[in-house]
Amino acid sequence: MPALHNVLLLGGSGKVARLLTPLLLQRSWNVTSIIRDPAQVANLEKLGEGQAGKLNVLVRSLEEITSDAQAKTLIDEVKPDYVVWSAGAGGKGAPERTFKIDRDAACHFIRASVATPSVTKFVMISFITSRLKKPSWWTEEIWQEQLNTTLKVLKRYYEAKVAADQVLYEEGKKRKDFAGICLRPGTLTLEPAGKVRLGKIPVANGTSSRASVANLTALLLDAPGIKSCWLDMLDGDEDPEAAVKRCIEEGVDAAEGEPFY
């Protein structure tokens, strides 16, 4: 039986991606995981053992993707219908590396995905305060606190992520049959997957289990009828399946209030 879906997972060796990979394979989906370090191939390939779907690990440097055309070449090689961006410089290397990967390479893959008719969903893992304007559901105090703490400390990362998130939102609107989904967790933890808060959340500080981020990513890819949107996410008290269903039915979009909304 052919695989139901082919997923291109960019940044496959990251903690969230490692948790996500088995969840996709369990659905009888094929996953092509893109990693930078050849030494990690054997370790990652173990995630595919005994699974219904097939895992293929490719060694490529996202830092070397410097055009939409180069990103499109990889997409054409893999032939995915879903793309997940879980990559990032992680603060390693020269400061400009953050822009090269988190902003530039991400944008190249977004544009290349939208330009590929067979790609119908793109999930970007971002973070909850990656935004240009205060949303109406946050107080001024919350926004000022974020500007003076998180966004100051992570200035370069914030500038790179918010640029890529905007490109995904704008590009995602160009095709009716394409969903550009930005999942925006808080402080990532190693706790097991659990219940969540999803959508427009009236707080900006909080934890997000990486396992819950992975679980929600799989659910969002699996969800019929989802449209381009931003979804903020923290650990909470709502069942993740119910939260995804509610957000889709209500058309929740946390990009509301942004200049490009």
# chains A, B, ... in the order shown; residues from 1 in each chain; ligands from 1
call {"tool": "select_by_dssp", "arguments": {"residues": "range 57-101 of chain A", "states": "strand (DSSP E)", "output": "PyMOL selection string"}}
result
chain A and resi 57-59+82-85
call {"tool": "select_by_dssp", "arguments": {"residues": "range 16-216 of chain A", "states": "alpha helix (DSSP H)", "output": "JSON, numbers by chain"}}
result
{"A": [16, 17, 18, 19, 20, 21, 22, 23, 24, 25, 41, 42, 43, 44, 45, 68, 69, 70, 71, 72, 73, 74, 75, 76, 77, 78, 95, 96, 97, 98, 106, 107, 108, 109, 110, 111, 112, 113, 114, 140, 141, 142, 143, 144, 145, 146, 147, 148, 150, 151, 152, 153, 155, 156, 157, 158, 159, 160, 161, 162, 163, 164, 165, 166, 167, 168, 169, 170, 171, 172, 210, 211, 212, 213, 214, 215, 216]}
call {"tool": "closest_atom_pairs", "arguments": {"of": "range 100-122 of chain A", "to": "range 11-30 of chain A", "cutoff": "12 Å", "atoms": "only C-alpha atoms", "output": "Markdown table"}}
result
| residue | atom | partner | partner_atom | distance |
| --- | --- | --- | --- | --- |
| A:Ile101 | CA | A:Gly11 | CA | 10.3 |
| A:Asp102 | CA | A:Gly11 | CA | 10.7 |
| A:Ala105 | CA | A:Gly11 | CA | 11.4 |
| A:Ala106 | CA | A:Gly11 | CA | 10.7 |
call {"tool": "write_last_selection", "arguments": {"atoms": "N, CA and C atoms", "output": "short mmCIF file (atom, residue, chain, number, x, y, z; two decimals), in the first residue's frame"}}
result
data_model
loop_
_atom_site.label_atom_id
_atom_site.label_comp_id
_atom_site.auth_asym_id
_atom_site.auth_seq_id
_atom_site.Cartn_x
_atom_site.Cartn_y
_atom_site.Cartn_z
N ILE A 101 20.02 30.62 8.58
CA ILE A 101 19.19 29.43 8.73
C ILE A 101 17.76 29.80 9.13
N ASP A 102 17.61 30.46 10.29
CA ASP A 102 16.27 30.71 10.84
C ASP A 102 15.43 31.66 9.98
N ALA A 105 17.11 30.59 4.97
CA ALA A 105 16.81 29.23 4.49
C ALA A 105 15.34 28.90 4.71
N ALA A 106 14.79 29.31 5.86
CA ALA A 106 13.37 29.06 6.14
C ALA A 106 12.50 29.70 5.06
#
call {"tool": "residues_around", "arguments": {"residues": "Thr189 in chain A", "least_positions_apart": "6", "cutoff": "7 Å", "atoms": "only C-alpha atoms", "output": "VMD selection string"}}
result
chain A and resid 207 to 210
call {"tool": "write_last_selection", "arguments": {"atoms": "N, CA, C and O atoms", "output": "PDB file, in the first residue's frame"}}
result
ATOM      1  N   THR A 207       5.349  27.206  29.966  1.00  0.00           N
ATOM      2  CA  THR A 207       6.111  26.094  29.407  1.00  0.00           C
ATOM      3  C   THR A 207       5.330  25.377  28.314  1.00  0.00           C
ATOM      4  O   THR A 207       4.101  25.406  28.276  1.00  0.00           O
ATOM      5  N   SER A 208       6.078  24.737  27.444  1.00  0.00           N
ATOM      6  CA  SER A 208       5.512  23.888  26.394  1.00  0.00           C
ATOM      7  C   SER A 208       6.358  22.630  26.317  1.00  0.00           C
ATOM      8  O   SER A 208       7.551  22.692  26.001  1.00  0.00           O
ATOM      9  N   SER A 209       5.760  21.497  26.627  1.00  0.00           N
ATOM     10  CA  SER A 209       6.465  20.224  26.500  1.00  0.00           C
ATOM     11  C   SER A 209       6.817  19.983  25.034  1.00  0.00           C
ATOM     12  O   SER A 209       5.964  20.129  24.154  1.00  0.00           O
ATOM     13  N   ARG A 210       8.080  19.646  24.764  1.00  0.00           N
ATOM     14  CA  ARG A 210       8.474  19.345  23.375  1.00  0.00           C
ATOM     15  C   ARG A 210       7.637  18.198  22.807  1.00  0.00           C
ATOM     16  O   ARG A 210       7.297  18.192  21.627  1.00  0.00           O
TER      17      ARG A 210
END
call {"tool": "residues_around", "arguments": {"residues": "Glu256 in chain A", "least_positions_apart": "6", "cutoff": "9 Å", "atoms": "only C-alpha atoms", "output": "PyMOL selection string"}}
result
chain A and resi 135-136+230
call {"tool": "atom_distance", "arguments": {"atom1": "CA of Pro192 in chain A", "atom2": "CA of Leu47 in chain A"}}
result
17.7 Å
call {"tool": "residues_around", "arguments": {"residues": "Phe109 in chain A", "least_positions_apart": "6", "cutoff": "9 Å", "atoms": "only C-alpha atoms", "output": "ChimeraX atom specification"}}
result
/A:65,67-68,70-72,75,83,85
call {"tool": "write_last_selection", "arguments": {"atoms": "all heavy atoms", "output": "short mmCIF file (atom, residue, chain, number, x, y, z; two decimals), in the first residue's frame"}}
result
data_model
loop_
_atom_site.label_atom_id
_atom_site.label_comp_id
_atom_site.auth_asym_id
_atom_site.auth_seq_id
_atom_site.Cartn_x
_atom_site.Cartn_y
_atom_site.Cartn_z
N ILE A 65 21.67 26.54 1.67
CA ILE A 65 20.51 26.84 0.81
C ILE A 65 20.37 28.36 0.74
O ILE A 65 19.94 29.00 1.70
CB ILE A 65 19.22 26.20 1.37
CG1 ILE A 65 19.37 24.68 1.49
CG2 ILE A 65 18.01 26.58 0.51
CD1 ILE A 65 19.38 23.90 0.21
N SER A 67 18.95 30.11 -2.04
CA SER A 67 17.96 30.59 -3.02
C SER A 67 16.71 29.71 -2.97
O SER A 67 16.76 28.56 -2.52
CB SER A 67 18.54 30.54 -4.44
OG SER A 67 18.72 29.19 -4.85
N ASP A 68 15.61 30.26 -3.45
CA ASP A 68 14.37 29.48 -3.56
C ASP A 68 14.60 28.28 -4.49
O ASP A 68 14.07 27.19 -4.25
CB ASP A 68 13.24 30.34 -4.13
CG ASP A 68 12.87 31.51 -3.24
OD1 ASP A 68 13.47 31.65 -2.14
OD2 ASP A 68 11.98 32.29 -3.63
N GLN A 70 17.33 26.51 -4.98
CA GLN A 70 18.02 25.41 -4.30
C GLN A 70 17.06 24.64 -3.39
O GLN A 70 17.10 23.41 -3.33
CB GLN A 70 19.18 25.96 -3.46
CG GLN A 70 20.43 26.27 -4.26
CD GLN A 70 21.52 26.81 -3.34
OE1 GLN A 70 21.37 27.90 -2.79
NE2 GLN A 70 22.57 26.05 -3.15
N ALA A 71 16.21 25.37 -2.68
CA ALA A 71 15.22 24.71 -1.82
C ALA A 71 14.26 23.88 -2.67
O ALA A 71 13.90 22.75 -2.30
CB ALA A 71 14.45 25.77 -1.03
N LYS A 72 13.89 24.41 -3.83
CA LYS A 72 12.95 23.71 -4.73
C LYS A 72 13.58 22.41 -5.25
O LYS A 72 12.91 21.40 -5.41
CB LYS A 72 12.59 24.63 -5.88
CG LYS A 72 11.58 24.07 -6.88
CD LYS A 72 10.16 24.31 -6.43
CE LYS A 72 9.12 24.11 -7.53
NZ LYS A 72 9.01 22.74 -8.01
N ILE A 75 13.08 19.86 -2.59
CA ILE A 75 11.66 19.49 -2.55
C ILE A 75 11.31 18.58 -3.73
O ILE A 75 10.62 17.58 -3.58
CB ILE A 75 10.78 20.76 -2.52
CG1 ILE A 75 10.89 21.42 -1.14
CG2 ILE A 75 9.33 20.44 -2.86
CD1 ILE A 75 10.24 22.78 -1.03
N VAL A 83 5.48 19.70 4.55
CA VAL A 83 6.83 20.14 4.95
C VAL A 83 6.76 20.65 6.38
O VAL A 83 5.83 21.38 6.75
CB VAL A 83 7.36 21.25 4.01
CG1 VAL A 83 8.73 21.74 4.48
CG2 VAL A 83 7.43 20.74 2.57
N TRP A 85 9.17 22.67 9.27
CA TRP A 85 10.41 23.36 9.60
C TRP A 85 10.62 23.30 11.11
O TRP A 85 9.92 23.94 11.88
CB TRP A 85 10.37 24.82 9.14
CG TRP A 85 11.66 25.54 9.47
CD1 TRP A 85 11.96 26.15 10.66
CD2 TRP A 85 12.82 25.69 8.64
NE1 TRP A 85 13.24 26.67 10.61
CE2 TRP A 85 13.79 26.39 9.39
CE3 TRP A 85 13.13 25.28 7.34
CZ2 TRP A 85 15.05 26.72 8.88
CZ3 TRP A 85 14.38 25.60 6.83
CH2 TRP A 85 15.32 26.31 7.59
#
call {"tool": "closest_atom_pairs", "arguments": {"of": "range 151-227 of chain A", "to": "range 122-132 of chain A", "cutoff": "7 Å", "atoms": "only C-alpha atoms", "output": "tab-separated table"}}
result
residue	atom	partner	partner_atom	distance
A:Tyr158	CA	A:Ser130	CA	6.1
A:Lys161	CA	A:Ser130	CA	6.5
A:Val162	CA	A:Ser130	CA	5.1
A:Ala179	CA	A:Phe122	CA	6.3
A:Gly180	CA	A:Phe122	CA	5.0
A:Ile181	CA	A:Val123	CA	4.7
A:Cys182	CA	A:Met124	CA	4.8
A:Leu183	CA	A:Ile125	CA	5.1
A:Arg184	CA	A:Phe127	CA	4.1
A:Pro185	CA	A:Phe127	CA	4.9
A:Gly186	CA	A:Ile128	CA	5.5
A:Ala204	CA	A:Ile128	CA	6.6
call {"tool": "write_last_selection", "arguments": {"atoms": "N, CA and C atoms", "output": "CSV table (one decimal), in the first residue's frame"}}
result
chain,number,residue,atom,x,y,z
A,158,TYR,N,14.8,36.4,17.4
A,158,TYR,CA,13.5,37.0,17.3
A,158,TYR,C,13.3,37.7,15.9
A,161,LYS,N,13.1,34.9,13.3
A,161,LYS,CA,11.9,34.1,13.3
A,161,LYS,C,10.7,34.9,12.9
A,162,VAL,N,10.6,36.1,13.3
A,162,VAL,CA,9.4,36.9,13.0
A,162,VAL,C,9.4,37.2,11.5
A,179,ALA,N,-2.0,25.3,3.3
A,179,ALA,CA,-2.1,25.7,4.7
A,179,ALA,C,-0.7,26.0,5.2
A,180,GLY,N,-0.4,27.2,5.5
A,180,GLY,CA,0.9,27.6,6.2
A,180,GLY,C,0.6,27.8,7.7
A,181,ILE,N,1.0,26.9,8.5
A,181,ILE,CA,0.6,26.8,9.9
A,181,ILE,C,1.9,27.1,10.8
A,182,CYS,N,1.7,28.1,11.6
A,182,CYS,CA,2.8,28.5,12.5
A,182,CYS,C,2.5,28.1,13.9
A,183,LEU,N,3.1,27.2,14.5
A,183,LEU,CA,2.9,26.7,15.8
A,183,LEU,C,3.9,27.3,16.7
A,184,ARG,N,3.4,28.0,17.8
A,184,ARG,CA,4.2,29.0,18.6
A,184,ARG,C,4.3,28.6,20.1
A,185,PRO,N,5.2,27.7,20.4
A,185,PRO,CA,5.2,27.3,21.9
A,185,PRO,C,6.0,28.3,22.7
A,186,GLY,N,5.9,28.1,24.0
A,186,GLY,CA,6.6,28.9,25.0
A,186,GLY,C,8.0,28.3,25.3
A,204,ALA,N,1.9,35.2,27.9
A,204,ALA,CA,3.0,35.0,27.0
A,204,ALA,C,4.1,34.1,27.6
call {"tool": "closest_atom_pairs", "arguments": {"of": "range 56-175 of chain A", "to": "range 34-41 of chain A", "cutoff": "7 Å", "atoms": "only C-alpha atoms", "output": "JSON lines"}}
result
{"residue": "A:Val57", "atom": "CA", "partner": "A:Ile34", "partner_atom": "CA", "distance": 6.1}
{"residue": "A:Leu58", "atom": "CA", "partner": "A:Ile34", "partner_atom": "CA", "distance": 5.0}
{"residue": "A:Val59", "atom": "CA", "partner": "A:Ile35", "partner_atom": "CA", "distance": 5.0}
{"residue": "A:Arg60", "atom": "CA", "partner": "A:Arg36", "partner_atom": "CA", "distance": 5.3}
{"residue": "A:Ser61", "atom": "CA", "partner": "A:Arg36", "partner_atom": "CA", "distance": 5.1}
call {"tool": "atom_distance", "arguments": {"atom1": "CA of Tyr261 in chain A", "atom2": "CA of Thr120 in chain A"}}
result
20.7 Å
call {"tool": "residues_around", "arguments": {"residues": "Lys134 in chain A", "least_positions_apart": "2", "cutoff": "9 Å", "atoms": "only C-alpha atoms", "output": "PyMOL selection string"}}
result
chain A and resi 131-132+136-140+142-144+257-258
call {"tool": "residues_around", "arguments": {"residues": "Gly199 in chain A", "least_positions_apart": "5", "cutoff": "9 Å", "atoms": "only C-alpha atoms", "output": "number ranges by chain"}}
result
A: 230-233, 243-244, 247, 252-254
call {"tool": "atom_distance", "arguments": {"atom1": "CA of Thr73 in chain A", "atom2": "CA of Ala112 in chain A"}}
result
8.8 Å
call {"tool": "closest_residue", "arguments": {"among": "A:Gln146, A:Ser33, A:Thr116, A:Ser228", "to": "Val203 in chain A", "atoms": "only C-alpha atoms"}}
result
A:Gln146
